Amino acid sequence: MKFGKEFGAQMVPEWQDAYMDYNFLKTLLKEIQRFKHRSRPPVTPGRGLKRKMTLYRAFSGLTRHNHPPSSPDSADIESQVILVDSVQKNGADSYETKFLMSADEGGEYELVYFRRLDDEFNKVDKFYRSKVDEVMKEAALLNKQMDAFIAFRLKVENPQGSFDRSAELTRIFNDVATSAATLSATTPSGARASRRVAHMDVIEEGGSISNHEHSDESGDEPKDVNMIKPMKTRVQEQKPNSIVAIRPDPLEVLKNVRINNTIETPRSTIKEFLNIPKPAELNFTRKNLKKVEEQLKRAFVEFYHKLRLLKSYSFMNMLAFSKIMKKYDKVTSRNASKSYLKMVDNSFLGSSDQVTKLMERVEATFIKHFSNSNRSKGMSILRPHAKKERHRITFSLGFFVGCTAALILAIILVVRTRHLLDEKYKIEKDKYMENMFPLYSLFGLVVLHMLMYAANIFYWRRYRVNYSFIFGFKRGTEMGYREVLLLGFVLAVLAQASVLSNLDMEMDSKTKDYEAITELLPLGLVVLVLVILICPFNIIYRSGRFFFLTCLLHCILAPLYKVTLPDFFLADQLTSQVQAIRSLEFYVCYFGWGDYKHRENNCKSSGVYNTFYFIVAVIPYWSRLLQCLRRLFEEKDPMQGWNGLKYFATIVAVCLRTAYSLDRGMGWRVIAWVFSVIAAVVSTYWDLVIDWGLLQKNSKNRWLREKLLVPYKSVYFAAMALNVVLRLAWLQTVLNFQVSFLHTQAMVAIVAALEIIRRGIWNFFRLENEHLNNVGKYRAFKSVPLPFNYDEDDEKDE
């Protein structure tokens with residue numbers, strides 16, 4: 001793989017604008033190369049460069065390494081290509097390269113190259129500085145959280161003997177500090193790793209991340225013997241009493257600390273809405289200790305992940321500058337890379353090791369306090385292994401795809417050989433379509449939605465949309481498109497096998513009814529899916545199932561939970577599955593009050609069924625309306641109010657269309673028409689302009705947006721046209737389109753399938769727009785709520 005592709009693959013997607021523009025710099029080098037080819041005289045044969053024959057060929061550097069390095073003389077200085085200076089711009093350190101060969105032929109091309117190279121380096125260096133400052137502030141905040149956590153744990157473990165425990169902890173601090181001082185005094189000056197171990201020991205006992213920031217930074221000074229000796233003497237003369245004097249009682253921290261209620265529950269939401277005051281005193285229980293420990297563990301894992309990405313950012317950009325300068329030397333036959341890369345090494349990007357030190361301290365603290373000093377266990381949590389593509393998934397997927405195709409062919413052959421579509425089976429066929437088809441259409445709609453979601457994942461990965469971060473999946477547990485396809489085709493095989501088993505159109509001649517076991521197969525399949533969905537055992541993607549159930553619960557209890565993107569994204573998916581939800585209602589009516597042995601039901605004539613026929617169609621839209629109202633209340637964003645009005649208009653339109661489908665009156669038809677047109681126009685505008693961010697007249701991609709992930713603009717225009725067309729699928733409900741060879745239930749299923757396809761297209765461009773918003777704000781991490789809140793922090797906020 002070429003470095004350019006590898007560099008792009010290793011980028012943090014949300015930081016891609018902050019990386020060096022390697023491809024553009026390569027383009028500039030190609031322009032220099034083309035100019036040199038044009039201006040270079042043609043080489044005549046026989047007048048090439050003659051190499052001096054020698055016994056030692058320079059294929060391995062033998063000739064060069066045998067000569068001692070020569071000191072730079074005036075000739076070397078005169079042949080210097082560039083001079084790199086540090087300058088102040090807008091109060092910040094920047095670097096400027098002076099190209100000394102601009103008078104040469106084609107020098108203006110190289111001058112442009114170095115100007116752009118400086119711009120890229122200053123951009124990278126400034127971004128890296130800002131991110132390092134951020135993580136240092138977060139480290140200080142986590143350090144205070146750890147102090148409170150240790151004191152809280154001591155109070156829980158020994159509530160009566162807090163004074164003795166505090167004295168014991170202070171004594172431990174003193175002993176560790178004294179042993180660390182002795183160790184550093186007896187350590188050779190060149191052993192940097194040993195000094196780090198000494199600091200890590202202190203951190204492990206004290207739970208601190210940045211207590212020794214000053215002493216660690218002093219270790220990065222030039223290792224001159226005269227500078228190290230005074231430091232040793234100072235450490236040896238430092239007495240434990242001085243340490244006791246400056247370290248306060250660890251339990252004193254708890255006087256200014258209270259626990260944050262970071263977990264949203266319906267109870268906490270109601271209390272907040274009623275302005276019920278929160279308890280001011282800490283409750284020292286093991287349950288609270290476990291909650292605090294879990295929250296801090298998540299905070300440390302997220303913080304460590306941020307440090308790893310920041311370290312990767314530094315390394316990849318350093319490597320990119322090295323590669324591009326070597327390419328420059330090769331193209332121009334100059335030797336400028338040495339001077340420029342020396343500047344890169346001496347810059348903050350190349351010389352700062354604050355991130356590396358923080359990583360070591362986080363590892364030491366996490367292993368000590370969250371993994372019981374078990375390093376392998378702690379590191380497995382901090383650095384989860386990348387998810388491997390398993391061959392058995394691919395094999396199983398191919399197997400079930402083949403089974404699905406075979407079962408489809410078998411169903412077609414059974415229908416044809418038994419002549420089930422003949423006129424003599426007209427009554428039985430109508431019974432089947434009215435009673436059995438709605439049961440199986442549920443699985444068809446769910447499988448289609450899963451296939452669309454798998455296609456979404458495939459294209460999100462292809463165009464580097466960080467969907468796992470946007471949805472908030474736990475790293476290593478997100479499902480790939482193969483896993484989703486596998487689940488979809490397994491469900492398709494089970495549903496088709498059930499269909500094939502009860503394709504009979506004739507009753508049993510003796511019992512005068514259909515076979516009960518085969519008639520109950522669809523109900524059994526629904527029960528099986530529900531049991532697997534709520535199964536507590538770690539089988540069949542438990543993490544993904546529980547994530548789905550959590551979001552589903554948040555949708556059902558919409559106003560009582562804080563609204564996150566996965567919650568309203570799932571609610572939007574449910575608005576496209578109204579027909580599937582109605583099929584679940586039909587399951588209850590058909591198997592509860594219908595005569596499934598004779599394939600008969602009176603659901604449509606039941607007032608209760610018709611009432612719930614309205615309710616279940618409105619539930620997804622009502623959930624989205626409540627989510628918008630909750631966000632309007634919390635965020636004070638008027639756009640959420642307009643979005644809520646959009647869903648209210650859709651609720652009215654759905655109710656009117658449902659009323660017209662039950663009572664075919666002209667009045668219902670006109671009113672349903674009017675409100676459906678209003679809802680369709682508003683929803684289409686919201687899809688294209690707000691959710692997708694398109695139709696921007698003044699953008700560089702006219703009528704689209706500034707940034708596009710898909711390189712083909714026609715894809716966006718086609719998607720907009722499809723969205724408009726598929727939005728009008730509801731016209732079938734009002735206009736009563738009839739196709740001679742299609743049953744009414746089949747037409748309803750086709751319209752529902754078209755809406756699911758529209759939703760699948762919507763999903764891709766909605767997450768693309770969200771990803772680009774994250775890129776614009778360099779937002780690559782979720783904010784993790786911390787368990788403790790200091791009173792001084794409240795005063796600062798006020």
# chains A, B, ... in the order shown; residues from 1 in each chain; ligands from 1

call {"tool": "residues_around", "arguments": {"residues": "range 456-469 of chain A", "least_positions_apart": "4", "cutoff": "9 Å", "atoms": "only C-alpha atoms", "output": "list in words"}}
result
Ala9, Pro13, Glu14, Leu451, Met452, Phe473, Lys474, Arg475, Glu478, Met479, Gly480, Tyr481, Arg482, Leu709, Val710, Gly760, Ile761, Asn763, Phe764, Leu767, Glu768, His771, Leu772, Ala780, Phe781 and Lys782 of chain A

call {"tool": "write_last_selection", "arguments": {"atoms": "C-alpha atoms", "output": "PDB file, in the first residue's frame"}}
result
ATOM      1  CA  ALA A   9      -6.643   5.110   6.376  1.00  0.00           C
ATOM      2  CA  PRO A  13     -12.013  10.777  10.651  1.00  0.00           C
ATOM      3  CA  GLU A  14     -13.160  13.823  12.625  1.00  0.00           C
ATOM      4  CA  LEU A 451     -30.682  -5.419   4.593  1.00  0.00           C
ATOM      5  CA  MET A 452     -30.909  -1.648   4.141  1.00  0.00           C
ATOM      6  CA  PHE A 473     -21.310   1.910  20.378  1.00  0.00           C
ATOM      7  CA  LYS A 474     -18.825   0.425  22.800  1.00  0.00           C
ATOM      8  CA  ARG A 475     -15.534  -0.103  20.973  1.00  0.00           C
ATOM      9  CA  GLU A 478     -20.320  -2.704  16.962  1.00  0.00           C
ATOM     10  CA  MET A 479     -21.776  -4.997  14.310  1.00  0.00           C
ATOM     11  CA  GLY A 480     -20.427  -4.940  10.770  1.00  0.00           C
ATOM     12  CA  TYR A 481     -22.501  -5.308   7.647  1.00  0.00           C
ATOM     13  CA  ARG A 482     -21.713  -9.042   7.460  1.00  0.00           C
ATOM     14  CA  LEU A 709     -18.092  12.320   0.899  1.00  0.00           C
ATOM     15  CA  VAL A 710     -19.423  10.629  -2.236  1.00  0.00           C
ATOM     16  CA  GLY A 760     -32.498   3.337   4.170  1.00  0.00           C
ATOM     17  CA  ILE A 761     -31.432   6.037   1.681  1.00  0.00           C
ATOM     18  CA  ASN A 763     -30.039   6.944   6.851  1.00  0.00           C
ATOM     19  CA  PHE A 764     -26.849   7.221   4.804  1.00  0.00           C
ATOM     20  CA  LEU A 767     -25.268  10.225   9.164  1.00  0.00           C
ATOM     21  CA  GLU A 768     -22.998  11.672   6.489  1.00  0.00           C
ATOM     22  CA  HIS A 771     -20.236  13.142  10.490  1.00  0.00           C
ATOM     23  CA  LEU A 772     -19.327  16.272   8.541  1.00  0.00           C
ATOM     24  CA  ALA A 780     -13.958  12.903  17.926  1.00  0.00           C
ATOM     25  CA  PHE A 781     -14.868  11.937  21.505  1.00  0.00           C
ATOM     26  CA  LYS A 782     -17.971  11.646  23.612  1.00  0.00           C
TER      27      LYS A 782
END

call {"tool": "closest_atom_pairs", "arguments": {"of": "range 685-711 of chain A", "to": "range 627-651 of chain A", "cutoff": "12 Å", "atoms": "only C-alpha atoms", "output": "JSON lines"}}
result
{"residue": "A:Tyr685", "atom": "CA", "partner": "A:Lys646", "partner_atom": "CA", "distance": 10.4}
{"residue": "A:Trp686", "atom": "CA", "partner": "A:Asn643", "partner_atom": "CA", "distance": 8.2}
{"residue": "A:Asp687", "atom": "CA", "partner": "A:Asn643", "partner_atom": "CA", "distance": 10.9}
{"residue": "A:Ile690", "atom": "CA", "partner": "A:Met639", "partner_atom": "CA", "distance": 9.5}
{"residue": "A:Asp691", "atom": "CA", "partner": "A:Asn643", "partner_atom": "CA", "distance": 10.8}

call {"tool": "write_last_selection", "arguments": {"atoms": "N, CA and C atoms", "output": "compact mmCIF listing (two decimals), in the first residue's frame"}}
result
# COMPACT_ATOMS: atom_id res chain seq x y z
N TYR A 685 -38.94 18.80 2.66
CA TYR A 685 -38.04 19.95 2.84
C TYR A 685 -37.10 19.71 4.02
N TRP A 686 -37.63 19.18 5.11
CA TRP A 686 -36.80 18.93 6.29
C TRP A 686 -35.73 17.88 6.00
N ASP A 687 -36.10 16.83 5.27
CA ASP A 687 -35.13 15.78 4.90
C ASP A 687 -33.96 16.37 4.13
N ILE A 690 -32.49 20.18 6.23
CA ILE A 690 -32.05 20.11 7.61
C ILE A 690 -31.29 18.82 7.88
N ASP A 691 -31.90 17.68 7.56
CA ASP A 691 -31.27 16.40 7.89
C ASP A 691 -30.07 16.10 6.99

call {"tool": "residues_around", "arguments": {"residues": "Asn602 in chain A", "least_positions_apart": "6", "cutoff": "12 Å", "atoms": "only C-alpha atoms", "output": "PyMOL selection string"}}
result
chain A and resi 434-435+586+589-596+608-610

call {"tool": "select_by_dssp", "arguments": {"residues": "range 234-365 of chain A", "states": "alpha helix (DSSP H)", "output": "PyMOL selection string"}}
result
chain A and resi 234-237+240-246+266-273+286-332+337-346+348-351+354-365

call {"tool": "atom_distance", "arguments": {"atom1": "CA of Leu625 in chain A", "atom2": "CA of Gly693 in chain A"}}
result
21.3 Å

call {"tool": "closest_residue", "arguments": {"among": "A:Ala497, A:Val490, A:Val12, A:Leu445", "to": "Asn317 in chain A", "atoms": "only C-alpha atoms"}}
result
A:Val12
